[in-house]
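Shown here: data27.cif, mmCIF, C-alpha atoms.
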```cif
data_entry
loop_
_atom_site.label_atom_id
_atom_site.label_comp_id
_atom_site.auth_asym_id
_atom_site.auth_seq_id
_atom_site.Cartn_x
_atom_site.Cartn_y
_atom_site.Cartn_z
CA MET S 1 -32.36 92.37 -130.05
CA LEU S 2 -35.24 94.76 -130.40
CA ARG S 3 -35.05 98.22 -131.94
CA CYS S 4 -36.21 100.81 -129.42
CA TYR S 5 -36.55 104.55 -129.71
CA ILE S 6 -35.66 106.86 -126.86
CA GLY S 7 -36.74 110.51 -126.66
CA LEU S 8 -34.08 112.85 -125.28
CA GLY S 9 -34.76 116.33 -123.93
CA ALA S 10 -33.09 118.99 -121.78
CA ASN S 11 -33.59 122.68 -121.11
CA VAL S 12 -31.43 123.70 -118.13
CA GLY S 13 -27.71 123.67 -117.53
CA ASP S 14 -25.93 122.89 -120.81
CA PRO S 15 -28.66 121.05 -122.75
CA LEU S 16 -26.52 120.28 -125.80
CA GLN S 17 -23.75 118.73 -123.73
CA GLN S 18 -26.24 116.87 -121.55
CA LEU S 19 -27.89 115.33 -124.62
CA ARG S 20 -24.49 114.39 -126.04
CA ASP S 21 -23.53 112.78 -122.72
CA ALA S 22 -26.87 110.94 -122.62
CA ALA S 23 -26.35 109.60 -126.16
CA ARG S 24 -22.95 108.27 -125.10
CA ALA S 25 -24.45 106.73 -121.95
CA LEU S 26 -27.16 105.02 -124.02
CA ALA S 27 -24.52 103.63 -126.38
CA ALA S 28 -22.60 102.21 -123.42
CA LEU S 29 -25.52 100.37 -121.80
CA PRO S 30 -24.86 96.65 -121.34
CA GLY S 31 -27.07 94.55 -123.58
CA CYS S 32 -27.53 97.44 -125.99
CA ARG S 33 -26.11 98.55 -129.32
CA PRO S 34 -26.52 102.17 -130.43
CA GLY S 35 -28.46 102.98 -133.57
CA PRO S 36 -28.71 106.29 -135.37
CA LEU S 37 -29.44 109.60 -133.68
CA SER S 38 -31.93 112.09 -135.07
CA PRO S 39 -31.10 115.68 -135.77
CA LEU S 40 -31.45 118.03 -132.83
CA TYR S 41 -34.56 120.21 -132.47
CA ARG S 42 -35.44 123.24 -130.36
CA SER S 43 -39.02 123.36 -129.05
CA THR S 44 -41.12 125.41 -126.67
CA PRO S 45 -41.89 123.74 -123.34
CA LEU S 46 -44.88 121.39 -123.31
CA GLY S 47 -46.10 122.66 -119.95
CA PRO S 48 -45.34 125.87 -118.05
CA GLN S 49 -43.89 128.52 -120.33
CA ASP S 50 -41.78 130.17 -117.60
CA GLN S 51 -38.76 128.05 -118.52
CA PRO S 52 -36.22 127.88 -121.35
CA ASP S 53 -36.88 126.14 -124.65
CA PHE S 54 -35.95 122.46 -124.85
CA LEU S 55 -33.44 120.74 -127.05
CA ASN S 56 -34.82 117.39 -128.20
CA ALA S 57 -33.73 114.39 -130.24
CA VAL S 58 -34.55 110.71 -130.64
CA ALA S 59 -32.04 107.87 -130.40
CA ALA S 60 -32.47 104.40 -131.86
CA LEU S 61 -31.17 101.67 -129.59
CA ASP S 62 -31.04 97.92 -130.18
CA THR S 63 -31.46 96.12 -126.88
CA SER S 64 -31.78 92.73 -125.28
CA LEU S 65 -32.87 94.34 -122.00
CA ALA S 66 -36.39 93.70 -120.74
CA PRO S 67 -38.64 96.80 -120.89
CA LEU S 68 -38.48 97.62 -117.17
CA ASP S 69 -34.73 96.98 -117.06
CA LEU S 70 -34.33 99.47 -119.91
CA LEU S 71 -36.58 101.97 -118.10
CA ASP S 72 -34.46 101.59 -114.94
CA ALA S 73 -31.29 102.16 -116.98
CA LEU S 74 -32.79 105.33 -118.51
CA GLN S 75 -33.72 106.63 -115.07
CA ARG S 76 -30.19 105.96 -113.80
CA ILE S 77 -28.77 108.00 -116.71
CA GLU S 78 -31.21 110.82 -115.85
CA ALA S 79 -30.20 110.72 -112.18
CA ALA S 80 -26.50 110.80 -113.08
CA ALA S 81 -27.22 113.94 -115.13
CA GLY S 82 -28.75 115.61 -112.07
CA ARG S 83 -32.41 115.05 -112.93
CA VAL S 84 -34.68 116.00 -110.07
CA ARG S 85 -38.33 115.13 -110.48
CA GLY S 86 -40.17 118.27 -109.48
CA ARG S 87 -42.92 120.22 -111.19
CA ARG S 88 -44.78 118.27 -113.89
CA TRP S 89 -43.49 119.32 -117.31
CA GLY S 90 -41.03 121.62 -115.58
CA PRO S 91 -37.37 122.32 -116.35
CA ARG S 92 -35.06 119.33 -116.72
CA THR S 93 -31.37 118.68 -116.92
CA LEU S 94 -32.26 115.50 -118.81
CA ASP S 95 -35.42 113.68 -119.78
CA LEU S 96 -35.26 110.22 -121.37
CA ASP S 97 -38.51 108.63 -122.52
CA LEU S 98 -38.91 105.09 -123.84
CA LEU S 99 -41.05 105.86 -126.88
CA LEU S 100 -41.13 102.49 -128.65
CA TYR S 101 -39.97 99.03 -127.61
CA GLY S 102 -39.90 97.08 -130.86
CA SER S 103 -43.46 96.63 -132.06
CA ARG S 104 -44.69 95.76 -128.59
CA GLN S 105 -47.55 97.40 -126.76
CA LEU S 106 -47.14 97.47 -122.99
CA ASP S 107 -49.39 98.83 -120.28
CA LEU S 108 -47.58 98.28 -117.00
CA PRO S 109 -47.91 100.26 -113.74
CA ARG S 110 -44.54 101.98 -114.40
CA LEU S 111 -44.42 101.94 -118.19
CA THR S 112 -46.74 102.44 -121.15
CA VAL S 113 -45.35 101.76 -124.62
CA PRO S 114 -45.82 103.21 -127.14
CA HIS S 115 -45.33 106.34 -125.08
CA PRO S 116 -48.84 107.77 -124.64
CA GLY S 117 -47.77 111.30 -125.66
CA ILE S 118 -46.21 110.51 -129.04
CA ALA S 119 -49.16 111.70 -131.14
CA SER S 120 -49.35 115.12 -129.47
CA ARG S 121 -45.66 115.92 -129.20
CA ALA S 122 -44.08 117.58 -132.21
CA PHE S 123 -40.68 117.43 -130.50
CA VAL S 124 -40.96 113.62 -130.68
CA LEU S 125 -42.66 113.19 -134.07
CA TRP S 126 -40.23 115.34 -136.09
CA PRO S 127 -37.02 113.59 -134.97
CA LEU S 128 -38.73 110.17 -135.06
CA ALA S 129 -39.73 110.86 -138.68
CA ASP S 130 -36.10 111.76 -139.44
CA LEU S 131 -35.05 108.32 -138.22
CA CYS S 132 -37.92 106.19 -139.53
CA GLY S 133 -39.63 108.10 -142.33
CA GLU S 134 -43.14 109.54 -142.52
CA ASP S 135 -44.64 106.19 -143.61
CA PHE S 136 -43.38 104.43 -140.48
CA ARG S 137 -46.27 102.83 -138.60
CA LEU S 138 -46.44 102.76 -134.84
CA PRO S 139 -47.59 99.54 -133.16
CA ARG S 140 -51.21 100.74 -133.05
CA GLY S 141 -51.20 101.40 -136.80
CA GLU S 142 -50.81 105.19 -137.02
CA ASP S 143 -48.19 106.48 -139.43
CA ILE S 144 -45.85 109.26 -138.36
CA GLY S 145 -46.64 111.53 -141.31
CA THR S 146 -50.35 111.60 -140.48
CA LEU S 147 -49.59 112.21 -136.82
CA LYS S 148 -47.23 115.08 -137.73
CA ARG S 149 -49.88 116.77 -139.87
CA ALA S 150 -52.45 116.50 -137.03
CA CYS S 151 -50.06 117.48 -134.24
CA PRO S 152 -51.12 120.62 -132.35
CA GLY S 153 -48.80 123.48 -131.57
CA PRO S 154 -45.75 124.86 -133.34
CA ALA S 155 -43.30 122.63 -135.17
CA PRO S 156 -39.91 122.26 -133.50
CA VAL S 157 -36.97 124.04 -135.14
CA ARG S 158 -34.18 121.85 -136.50
CA GLN S 159 -30.77 122.90 -135.16
CA ALA S 160 -27.41 122.95 -136.91
CA GLU S 161 -25.65 121.17 -134.04
CA ALA S 162 -25.53 117.36 -134.07
CA LEU S 163 -25.50 114.82 -131.27
CA GLY S 164 -23.61 112.19 -133.19
CA PRO S 165 -23.65 110.25 -136.47
CA ALA S 166 -26.13 111.26 -139.14
CA ALA S 167 -29.68 109.97 -138.89
CA GLY S 168 -30.72 106.93 -140.87
CA ARG S 169 -33.83 104.86 -141.30
CA GLY S 170 -34.52 102.20 -138.68
CA GLU S 171 -36.76 99.17 -138.46
CA ILE S 172 -39.07 98.89 -135.51
CA ASP S 173 -38.32 95.26 -134.68
CA GLY S 174 -34.63 95.09 -135.56
CA ASN S 175 -34.56 91.37 -134.83
CA GLU S 176 -31.43 89.46 -135.65
#
```
Reformat the file's structure so that it appears as structure tokens.
Amino acid sequence: MLRCYIGLGANVGDPLQQLRDAARALAALPGCRPGPLSPLYRSTPLGPQDQPDFLNAVAALDTSLAPLDLLDALQRIEAAAGRVRGRRWGPRTLDLDLLLYGSRQLDLPRLTVPHPGIASRAFVLWPLADLCGEDFRLPRGEDIGTLKRACPGPAPVRQAEALGPAAGRGEIDGNE
């Protein structure tokens, strides 16, 4: 099994409940075993500002699914949560992004891993650092702490609510 990291976000409906439901759906995926969940963060929207703030987290997930099979599973979870793909960077009932797939680098027509936006998204870097530590190196060699310090925009705000079990450190490969 490979250790993957999934970004979770929502800003319409009941974002906290939607993220909790998504974490449960991830944990129930066939061929997958749930890992730790990051703390929850509130962040301003990446794109248009005429929408509510987002709640964001990162989930670790050990999987034997192929990358595109995992992507399809994530998109089915989004669809079940009422996700409608409309305006780019617009409001979402649920957004699930495959951030890291072990230490692999993939550039496929439907999927790029590591997620190309990691370095510029504070709402990904902060919860990922909670799970992996600031010294954690992404597959292309960058460490999360350096990326956090260089990340533009405001830092996300850690929330008191939790999605599930406390965060813990995770290994990128997670091979057994």
(message) Suppose a student applies the PyMOL selection byres ((chain S and resi 123-125) around 9) to this structure; what residues should they get, written as an MDAnalysis selection string?
(response) chainID S and resid 7:9 41:44 54:58 99 117:122 126:130 144:145 147:148 151 155:157
(message) For S:Pro34, find every residue with an atom within 7 Å (counting all atoms listed in the file), except residues of its own chain fewer than 6 positions away, and show them as an MDAnalysis selection string.
(response) chainID S and resid 27 60:62
(request) Would you mind reading off the distance between atom CA of S:Leu29 and atom CA of S:Phe136, one decimal, in Å? (result) 26.2 Å
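The spacing separating atom CA of S:Asp50 from atom CA of S:Leu111 amounts to 28.4 Å.
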(request) Tell me which residues the PyMOL selection byres ((chain S and resi 114) around 7) grabs here, as a PyMOL selection string. (result) chain S and resi 99-100+105+112-113+115-116
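For the pair atom CA of S:Gly153 and atom CA of S:Pro52, the separation is 16.8 Å.
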Name the residues that the PyMOL selection byres ((chain S and resi 80) around 12) picks from the file above, as an mmCIF file with C-alpha atoms, in the coordinates of the input, using the file's chain letters and numbers.
```cif
data_model
loop_
_atom_site.group_PDB
_atom_site.id
_atom_site.type_symbol
_atom_site.label_atom_id
_atom_site.label_comp_id
_atom_site.auth_asym_id
_atom_site.auth_seq_id
_atom_site.Cartn_x
_atom_site.Cartn_y
_atom_site.Cartn_z
ATOM 1 C CA GLN S 18 -26.240 116.870 -121.550
ATOM 2 C CA ASP S 21 -23.530 112.780 -122.720
ATOM 3 C CA ALA S 22 -26.870 110.940 -122.620
ATOM 4 C CA ALA S 25 -24.450 106.730 -121.950
ATOM 5 C CA ALA S 73 -31.290 102.160 -116.980
ATOM 6 C CA LEU S 74 -32.790 105.330 -118.510
ATOM 7 C CA GLN S 75 -33.720 106.630 -115.070
ATOM 8 C CA ARG S 76 -30.190 105.960 -113.800
ATOM 9 C CA ILE S 77 -28.770 108.000 -116.710
ATOM 10 C CA GLU S 78 -31.210 110.820 -115.850
ATOM 11 C CA ALA S 79 -30.200 110.720 -112.180
ATOM 12 C CA ALA S 81 -27.220 113.940 -115.130
ATOM 13 C CA GLY S 82 -28.750 115.610 -112.070
ATOM 14 C CA ARG S 83 -32.410 115.050 -112.930
ATOM 15 C CA VAL S 84 -34.680 116.000 -110.070
ATOM 16 C CA THR S 93 -31.370 118.680 -116.920
ATOM 17 C CA LEU S 94 -32.260 115.500 -118.810
ATOM 18 C CA ASP S 95 -35.420 113.680 -119.780
#
```
(request) Name the closest residue to S:Leu70 among the candidates S:Gly164, S:Pro30, S:Pro39, S:Pro109; distances are taken between atoms, counting all atoms listed in the file. (result) S:Pro30
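Between S:Gly31 and the candidates S:Asp72, S:Leu98, S:Leu65, S:Arg140, the tightest atom-to-atom separation, counting only C-alpha atoms, involves S:Leu65.
Closest approach to S:Leu106 from the set S:Pro139, S:Val12, S:Leu46, S:Leu26 is made by S:Pro139, with distances taken over all atoms listed in the file.
Between S:Tyr5 and the candidates S:Arg149, S:Glu142, S:Gly35, S:Leu68, the tightest atom-to-atom separation, counting only C-alpha atoms, involves S:Gly35.
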(request) Name the closest residue to S:Arg110 among the candidates S:Leu71, S:Ala28, S:Leu131, S:Leu37; distances are taken between atoms, counting all atoms listed in the file. (result) S:Leu71
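Candidate residues S:Pro67, S:Gly102, S:Pro91, S:Gly13 were compared for distance to S:Leu138, and the nearest is S:Gly102, using only C-alpha atoms.
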Quick one: what's the axis-aligned box for stretch 26-43 of chain S, all listed atoms, 5 Å on every side, centre and edges in Å to one decimal, as AutoDock Vina command-line options?
```
--center_x -30.8 --center_y 109.0 --center_z -128.6 --size_x 26.4 --size_y 38.8 --size_z 24.4
```
(request) Using all atoms listed in the file, give me every residue within 6 Å of (-34.0, 94.9, -127.4) in file coordinates, as a ChimeraX atom specification. (result) /S:1-3,62-65
